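First the structure, in the form of structure tokens, and then the observations on it.
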Amino acid sequence: MFKIISAHEAAALIQDGDCVAINSFLALSNPEALHDVLYERFTQTGSPKNLRLFCAAGFGVWDENRFADRYIKAGAVSEIIAGHFNSMPAAVKMALVGEIAAYCLPLGVLSHTIRASAAGRDWILSEVGLGIYCDPRVDTCALNVASKRELVSVYEVEGKELLLYKTPRIDVAFIKGTTVDPNGNISFEKEYLTVDALAMAQATKRNGGKVIVQVERVSHEFSRPRNVIVPGMLVDAVVVCEAQTKGEYNPALSGDVHVPATQMDYYVNRLSTTKNKKAGDQTADIIGERAARELHRGHIVNIGIGIPETVGKYASRQDVLKGITTTVEAGGVGGLPAPGVAFGATIGADMICDMATQFDFYDGGGLDICFLGGLEADFQGNVNVHKIEGGYPGIGGFANITHATKTIVFCMSFNTKGLIAAKENGGIQIKQEGTIPKFKKEISAVSFSGKNALKRGQRVLYVTERCVFELTEKGLTLKEVYPGVDEVRQIRGLLDFEC
């Protein structure tokens, strides 16, 4: 039977060495009040320590003084398994120097392992991840040598290679909802996502663990059954935090306000937080405008974070948006992906499903086209998005999204650090070259396998601010050069391979 208790009482339920699973997608649906009291308890008592954190996505807000980063930095955590690390700066710093064990696995795979754990299974089999870094024959999902667990192995079924991923054994679930009714049922009306709340609660109870839910309000009326996300039978403790959405709530993201395609630009501009955009630089817009021309009526689409966000803007301006259906790996269908810190939410969604369900659709080849970023690409068409020198962004949903999508469009600048490009007089002017190439003979890690994409018959484009490459049997091939760009001097002369 559930109890409504204080946040400090909830923190006292967590024991040393517990596996704490966090139902969040980066900053969204993240129970900050629970993180805060856990930090306070640890700094005051030194307990709970040696915690193991599990989250299919990530659970930070790009600020090491908020959310779980606070108690990670303080020393309460010994291990993290997640699909995304870039939003957790303190965790990344500690992982890179070996102070904590850390593992990065595909977001969709981790989401599916939660559901499998709820069903009593100790592992899942998946094609996702074959031929890229998490395939133990290629590289490792461990961020450092201190991370010694073997979470992935190669398995063969009826002559077909698959990857075996171990499922988590969860001791405590941290979940954020909106309302608790008299029976302890949890509804999410002000949340932008459900993530994997139900499966996580089921997996936790299967393991004899405790489900702790942070909500905004207590209702004396029973919830409509279809509105319940987590039933009271799975809830151990409820912490009421009346101010949890104060100043942050956006009804266009929760679904309380429907946003027509004609108003998308307005909402995107309100949410957009483009970082470090240099004066006069139009690189992202040039890429987004060209990439959006790959969209066609009837397409089912995924649009990623960063430069790909501009694709949605130009799809709206080109009057294409109303003829396509966009999706977000966190669960949104329809509308347009929210940019910046709100990434994972959907502006004007038609439906928001559980994350594992969305990845069922992706893994099955439901997407017609996707638009994703990239840190670097090599001459074979391989792309790295998860690992950079001095940092570790993580793979996120990238591996699942690219696994079976019919057309993949990578939206990435030709080079970086100093690049300034602009549209002038009907052409593209490269006013200043970047000092770091992004297309090179060798890359530091493989998040996407060009070889596998060719085997699956996928069409793969690499759209930059000056040209478009296409993946062929010969590797990267120069497909298109924009007006105003010198092909020899500004493209081929800057590559260390033939295209």
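By convention in this document, the chains of the structure tokens carry letters A, B, ... by their order, each chain's residues are numbered from 1, and ligands are numbered from 1 in the order they are shown.
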
May I have a table of the residues of range 316-415 of chain A lying at most 6 Å from range 78-92 of chain A, giving each one's closest pair of atoms and their distance in Å to one decimal, counting only C-alpha atoms, ordered by chain and ascending residue number, as a tab-separated table?
```
residue	atom	partner	partner_atom	distance
A:Pro393	CA	A:Asn86	CA	4.1
A:Gly394	CA	A:His84	CA	4.4
A:Ile395	CA	A:Gly83	CA	5.9
A:Gly396	CA	A:Gly83	CA	4.8
```

Can you tell me which residues surround Leu454 in chain A at a distance of at most 8 Å, considering only C-alpha atoms, apart from same-chain residues fewer than 6 positions away, and format the answer as a short mmCIF file (atom, residue, chain, number, x, y, z; two decimals) with all heavy atoms, in the first residue's frame?
```cif
data_model
loop_
_atom_site.label_atom_id
_atom_site.label_comp_id
_atom_site.auth_asym_id
_atom_site.auth_seq_id
_atom_site.Cartn_x
_atom_site.Cartn_y
_atom_site.Cartn_z
N LEU A 471 26.58 7.77 -49.55
CA LEU A 471 27.28 6.50 -49.31
C LEU A 471 27.01 5.55 -50.46
O LEU A 471 25.86 5.27 -50.81
CB LEU A 471 26.79 5.88 -48.00
CG LEU A 471 27.42 4.54 -47.61
CD1 LEU A 471 28.92 4.68 -47.42
CD2 LEU A 471 26.76 3.99 -46.35
N THR A 472 28.10 5.05 -51.08
CA THR A 472 28.00 4.07 -52.16
C THR A 472 28.91 2.90 -51.82
O THR A 472 29.61 2.91 -50.80
CB THR A 472 28.43 4.68 -53.50
OG1 THR A 472 29.85 4.92 -53.50
CG2 THR A 472 27.69 5.99 -53.78
N GLU A 473 28.94 1.91 -52.69
CA GLU A 473 29.82 0.76 -52.49
C GLU A 473 31.29 1.18 -52.45
O GLU A 473 32.12 0.46 -51.90
CB GLU A 473 29.59 -0.28 -53.59
CG GLU A 473 28.21 -0.95 -53.55
CD GLU A 473 28.00 -1.82 -52.32
OE1 GLU A 473 29.02 -2.22 -51.69
OE2 GLU A 473 26.84 -2.11 -51.99
#
```

- Query: Between A:Glu150, A:Asp360, A:Glu294, A:Asp18, which has the minimum distance to Val468 in chain A (counting only C-alpha atoms)?
  - Reply: A:Glu294

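Proximity to Glu32 in chain A at 8 Å, evaluated using only C-alpha atoms and with sequence-adjacent residues fewer than 2 positions away removed, yields A:Asn30, A:Leu34, A:His35, A:Asp36, A:Arg66, A:Phe67.
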
Those same residues - all heavy atoms - I'd like them written as a PDB file, in the first residue's frame.
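Output file out-v1.pdb follows:
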```
ATOM      1  N   ASN A  30      12.182  14.418 -14.904  1.00  0.00           N
ATOM      2  CA  ASN A  30      13.257  14.079 -13.976  1.00  0.00           C
ATOM      3  C   ASN A  30      12.882  14.563 -12.573  1.00  0.00           C
ATOM      4  O   ASN A  30      12.673  15.763 -12.375  1.00  0.00           O
ATOM      5  CB  ASN A  30      14.556  14.755 -14.445  1.00  0.00           C
ATOM      6  CG  ASN A  30      15.801  14.014 -14.004  1.00  0.00           C
ATOM      7  OD1 ASN A  30      15.797  13.373 -12.965  1.00  0.00           O
ATOM      8  ND2 ASN A  30      16.851  14.117 -14.784  1.00  0.00           N
ATOM      9  N   LEU A  34      13.612  14.508  -5.521  1.00  0.00           N
ATOM     10  CA  LEU A  34      14.174  13.263  -4.997  1.00  0.00           C
ATOM     11  C   LEU A  34      15.703  13.281  -5.088  1.00  0.00           C
ATOM     12  O   LEU A  34      16.393  12.810  -4.181  1.00  0.00           O
ATOM     13  CB  LEU A  34      13.604  12.066  -5.753  1.00  0.00           C
ATOM     14  CG  LEU A  34      12.080  11.892  -5.697  1.00  0.00           C
ATOM     15  CD1 LEU A  34      11.661  10.621  -6.424  1.00  0.00           C
ATOM     16  CD2 LEU A  34      11.599  11.852  -4.250  1.00  0.00           C
ATOM     17  N   HIS A  35      16.222  13.815  -6.176  1.00  0.00           N
ATOM     18  CA  HIS A  35      17.673  13.951  -6.292  1.00  0.00           C
ATOM     19  C   HIS A  35      18.225  14.864  -5.190  1.00  0.00           C
ATOM     20  O   HIS A  35      19.270  14.588  -4.589  1.00  0.00           O
ATOM     21  CB  HIS A  35      18.048  14.536  -7.653  1.00  0.00           C
ATOM     22  CG  HIS A  35      17.799  13.617  -8.805  1.00  0.00           C
ATOM     23  ND1 HIS A  35      18.330  12.351  -8.873  1.00  0.00           N
ATOM     24  CD2 HIS A  35      17.078  13.780  -9.944  1.00  0.00           C
ATOM     25  CE1 HIS A  35      17.954  11.777 -10.013  1.00  0.00           C
ATOM     26  NE2 HIS A  35      17.186  12.624 -10.668  1.00  0.00           N
ATOM     27  N   ASP A  36      17.515  15.946  -4.938  1.00  0.00           N
ATOM     28  CA  ASP A  36      17.998  16.923  -3.953  1.00  0.00           C
ATOM     29  C   ASP A  36      18.090  16.323  -2.550  1.00  0.00           C
ATOM     30  O   ASP A  36      19.083  16.523  -1.832  1.00  0.00           O
ATOM     31  CB  ASP A  36      17.074  18.147  -3.929  1.00  0.00           C
ATOM     32  CG  ASP A  36      17.244  19.033  -5.151  1.00  0.00           C
ATOM     33  OD1 ASP A  36      18.235  18.862  -5.889  1.00  0.00           O
ATOM     34  OD2 ASP A  36      16.375  19.898  -5.378  1.00  0.00           O
ATOM     35  N   ARG A  66      22.980  20.403 -10.281  1.00  0.00           N
ATOM     36  CA  ARG A  66      21.560  20.062 -10.223  1.00  0.00           C
ATOM     37  C   ARG A  66      21.364  18.574 -10.492  1.00  0.00           C
ATOM     38  O   ARG A  66      22.236  17.906 -11.027  1.00  0.00           O
ATOM     39  CB  ARG A  66      20.758  20.882 -11.247  1.00  0.00           C
ATOM     40  CG  ARG A  66      20.599  22.351 -10.906  1.00  0.00           C
ATOM     41  CD  ARG A  66      19.673  23.018 -11.916  1.00  0.00           C
ATOM     42  NE  ARG A  66      18.298  22.489 -11.842  1.00  0.00           N
ATOM     43  CZ  ARG A  66      17.362  22.782 -12.751  1.00  0.00           C
ATOM     44  NH1 ARG A  66      17.647  23.552 -13.787  1.00  0.00           N
ATOM     45  NH2 ARG A  66      16.138  22.276 -12.618  1.00  0.00           N
ATOM     46  N   PHE A  67      20.215  18.083 -10.098  1.00  0.00           N
ATOM     47  CA  PHE A  67      19.827  16.691 -10.335  1.00  0.00           C
ATOM     48  C   PHE A  67      20.869  15.715  -9.754  1.00  0.00           C
ATOM     49  O   PHE A  67      21.510  16.010  -8.754  1.00  0.00           O
ATOM     50  CB  PHE A  67      19.588  16.448 -11.826  1.00  0.00           C
ATOM     51  CG  PHE A  67      18.389  17.191 -12.367  1.00  0.00           C
ATOM     52  CD1 PHE A  67      18.527  18.441 -12.941  1.00  0.00           C
ATOM     53  CD2 PHE A  67      17.131  16.634 -12.284  1.00  0.00           C
ATOM     54  CE1 PHE A  67      17.423  19.125 -13.432  1.00  0.00           C
ATOM     55  CE2 PHE A  67      16.019  17.313 -12.785  1.00  0.00           C
ATOM     56  CZ  PHE A  67      16.169  18.560 -13.352  1.00  0.00           C
TER      57      PHE A  67
END
```

- Quote the spacing between CA of Ala173 in chain A and CA of Lys210 in chain A in Å to one decimal place. 6.4 Å

- Item | strand (DSSP E or B) call set, DSSP backbone run, range 214-257 of chain A, as a list of chain:residue names | A:Gln214, A:Val215, A:Arg217, A:Val218, A:Val228, A:Ile229, A:Val230, A:Ala237, A:Val238, A:Val239, A:Val240

For the selection just defined, write its residues with N, CA and C atoms to a file, as a JSON list (two decimals), in the first residue's frame.
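Dumped everything to selection.json:
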```json
[["chain", "number", "residue", "atom", "x", "y", "z"],
["A", 214, "GLN", "N", 7.47, 11.16, -7.32],
["A", 214, "GLN", "CA", 7.31, 12.58, -7.01],
["A", 214, "GLN", "C", 6.14, 13.12, -7.81],
["A", 215, "VAL", "N", 5.18, 13.78, -7.15],
["A", 215, "VAL", "CA", 4.03, 14.36, -7.84],
["A", 215, "VAL", "C", 3.85, 15.81, -7.41],
["A", 217, "ARG", "N", 0.53, 17.11, -7.03],
["A", 217, "ARG", "CA", -0.70, 17.31, -6.28],
["A", 217, "ARG", "C", -1.36, 15.99, -5.89],
["A", 218, "VAL", "N", -2.22, 16.08, -4.87],
["A", 218, "VAL", "CA", -3.02, 14.96, -4.40],
["A", 218, "VAL", "C", -4.47, 15.23, -4.80],
["A", 228, "VAL", "N", -4.28, 6.70, -16.11],
["A", 228, "VAL", "CA", -3.29, 6.21, -15.13],
["A", 228, "VAL", "C", -2.09, 5.64, -15.87],
["A", 229, "ILE", "N", -0.91, 6.11, -15.50],
["A", 229, "ILE", "CA", 0.34, 5.61, -16.09],
["A", 229, "ILE", "C", 0.96, 4.53, -15.19],
["A", 230, "VAL", "N", 0.99, 4.78, -13.88],
["A", 230, "VAL", "CA", 1.50, 3.80, -12.93],
["A", 230, "VAL", "C", 0.40, 3.50, -11.91],
["A", 237, "ALA", "N", 5.85, 4.74, -2.29],
["A", 237, "ALA", "CA", 5.90, 6.04, -1.62],
["A", 237, "ALA", "C", 5.66, 7.15, -2.61],
["A", 238, "VAL", "N", 4.93, 8.16, -2.14],
["A", 238, "VAL", "CA", 4.64, 9.35, -2.96],
["A", 238, "VAL", "C", 5.13, 10.57, -2.21],
["A", 239, "VAL", "N", 5.91, 11.39, -2.91],
["A", 239, "VAL", "CA", 6.40, 12.65, -2.35],
["A", 239, "VAL", "C", 5.71, 13.78, -3.09],
["A", 240, "VAL", "N", 5.00, 14.64, -2.36],
["A", 240, "VAL", "CA", 4.26, 15.74, -2.97],
["A", 240, "VAL", "C", 5.15, 16.98, -3.00]]
```

- Residues near Ser24 in chain A, cut-off 10 Å, only C-alpha atoms, skip fewer than 2 positions along chain, as a PyMOL selection string: chain A and resi 21-22+26-31+55-60+174-176+193-197+330+344

Closest atom pairs, residues of range 178-296 of chain A within 12 Å of range 119-127 of chain A, only C-alpha atoms, as a tab-separated table:
```
residue	atom	partner	partner_atom	distance
A:Leu198	CA	A:Ala119	CA	12.0
A:Ala199	CA	A:Ala119	CA	8.8
A:Met200	CA	A:Ala119	CA	10.8
A:Ala201	CA	A:Ala119	CA	11.6
A:Gln202	CA	A:Ala119	CA	8.2
A:Ala203	CA	A:Ala119	CA	7.4
A:Thr204	CA	A:Gly120	CA	10.7
A:Lys205	CA	A:Gly120	CA	10.7
A:Arg206	CA	A:Gly120	CA	7.2
A:Asn207	CA	A:Gly120	CA	8.8
```

Selection export as a CSV table (one decimal), in the first residue's frame, atoms kept: all heavy atoms:
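Just written: result.csv:
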```
chain,number,residue,atom,x,y,z
A,198,LEU,N,5.9,2.9,-16.4
A,198,LEU,CA,5.2,1.6,-16.0
A,198,LEU,C,6.1,0.4,-16.0
A,198,LEU,O,6.2,-0.3,-15.0
A,198,LEU,CB,4.0,1.4,-17.0
A,198,LEU,CG,3.3,0.1,-16.7
A,198,LEU,CD1,2.7,0.0,-15.3
A,198,LEU,CD2,2.2,-0.1,-17.8
A,199,ALA,N,6.9,0.2,-17.1
A,199,ALA,CA,7.8,-0.9,-17.1
A,199,ALA,C,8.8,-0.8,-16.0
A,199,ALA,O,9.2,-1.8,-15.4
A,199,ALA,CB,8.5,-1.0,-18.5
A,200,MET,N,9.3,0.4,-15.7
A,200,MET,CA,10.3,0.5,-14.6
A,200,MET,C,9.7,0.2,-13.3
A,200,MET,O,10.4,-0.5,-12.4
A,200,MET,CB,10.8,2.0,-14.6
A,200,MET,CG,11.9,2.2,-13.6
A,200,MET,SD,12.6,3.9,-13.6
A,200,MET,CE,13.5,3.8,-15.2
A,201,ALA,N,8.5,0.6,-13.0
A,201,ALA,CA,7.8,0.3,-11.7
A,201,ALA,C,7.6,-1.3,-11.7
A,201,ALA,O,7.9,-1.9,-10.6
A,201,ALA,CB,6.5,1.0,-11.6
A,202,GLN,N,7.2,-1.9,-12.7
A,202,GLN,CA,7.0,-3.3,-12.8
A,202,GLN,C,8.3,-4.1,-12.5
A,202,GLN,O,8.4,-5.1,-11.8
A,202,GLN,CB,6.4,-3.7,-14.1
A,202,GLN,CG,5.0,-3.3,-14.3
A,202,GLN,CD,4.5,-3.5,-15.7
A,202,GLN,OE1,5.3,-3.5,-16.7
A,202,GLN,NE2,3.2,-3.8,-15.9
A,203,ALA,N,9.4,-3.6,-13.2
A,203,ALA,CA,10.7,-4.2,-13.0
A,203,ALA,C,11.2,-4.1,-11.6
A,203,ALA,O,11.8,-5.1,-11.1
A,203,ALA,CB,11.7,-3.6,-14.0
A,204,THR,N,11.0,-3.0,-11.0
A,204,THR,CA,11.4,-2.8,-9.6
A,204,THR,C,10.7,-3.7,-8.7
A,204,THR,O,11.3,-4.3,-7.8
A,204,THR,CB,11.2,-1.3,-9.2
A,204,THR,OG1,11.9,-0.4,-10.2
A,204,THR,CG2,11.7,-1.0,-7.8
A,205,LYS,N,9.4,-3.8,-8.8
A,205,LYS,CA,8.6,-4.7,-7.9
A,205,LYS,C,8.9,-6.1,-8.2
A,205,LYS,O,9.0,-6.9,-7.2
A,205,LYS,CB,7.1,-4.4,-8.2
A,205,LYS,CG,6.6,-3.0,-7.9
A,205,LYS,CD,7.0,-2.5,-6.5
A,205,LYS,CE,6.3,-3.2,-5.4
A,205,LYS,NZ,6.6,-2.6,-4.0
A,206,ARG,N,9.2,-6.5,-9.4
A,206,ARG,CA,9.6,-7.9,-9.7
A,206,ARG,C,10.9,-8.2,-8.9
A,206,ARG,O,11.1,-9.4,-8.5
A,206,ARG,CB,9.8,-8.0,-11.2
A,206,ARG,CG,10.4,-9.4,-11.6
A,206,ARG,CD,11.8,-9.3,-12.2
A,206,ARG,NE,12.3,-10.6,-12.5
A,206,ARG,CZ,13.5,-10.8,-13.1
A,206,ARG,NH1,14.3,-9.8,-13.4
A,206,ARG,NH2,14.0,-12.0,-13.3
A,207,ASN,N,11.7,-7.2,-8.7
A,207,ASN,CA,13.0,-7.4,-8.0
A,207,ASN,C,12.8,-7.2,-6.5
A,207,ASN,O,13.8,-7.2,-5.7
A,207,ASN,CB,14.1,-6.5,-8.5
A,207,ASN,CG,15.5,-6.9,-8.1
A,207,ASN,OD1,15.8,-8.1,-8.1
A,207,ASN,ND2,16.3,-5.9,-7.7
```

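Nearest residue to Ile420 in chain A among A:Pro337, A:Gly177, A:Pro260, A:Gly434 is A:Gly434, counting only C-alpha atoms.
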
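In this comparison, which uses only C-alpha atoms, the residue of A:Thr140, A:Asn269, A:Thr407, A:Ser153 approaching His299 in chain A most closely is A:Thr407.
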
- Query: In Å, how far is it from CA of Gly340 in chain A to CA of Leu38 in chain A?
  - Reply: 27.3 Å

- Which of range 176-314 of chain A DSSP labels alpha helix (DSSP H), written as a ChimeraX atom specification: /A:197-206,251-254,264-271,283-292,309-314

- Query: For Asn23 in chain A, which residue out of A:Asp265, A:Glu191, A:Glu221, A:Glu480 is the nearest one, using only C-alpha atoms?
  - Reply: A:Glu191
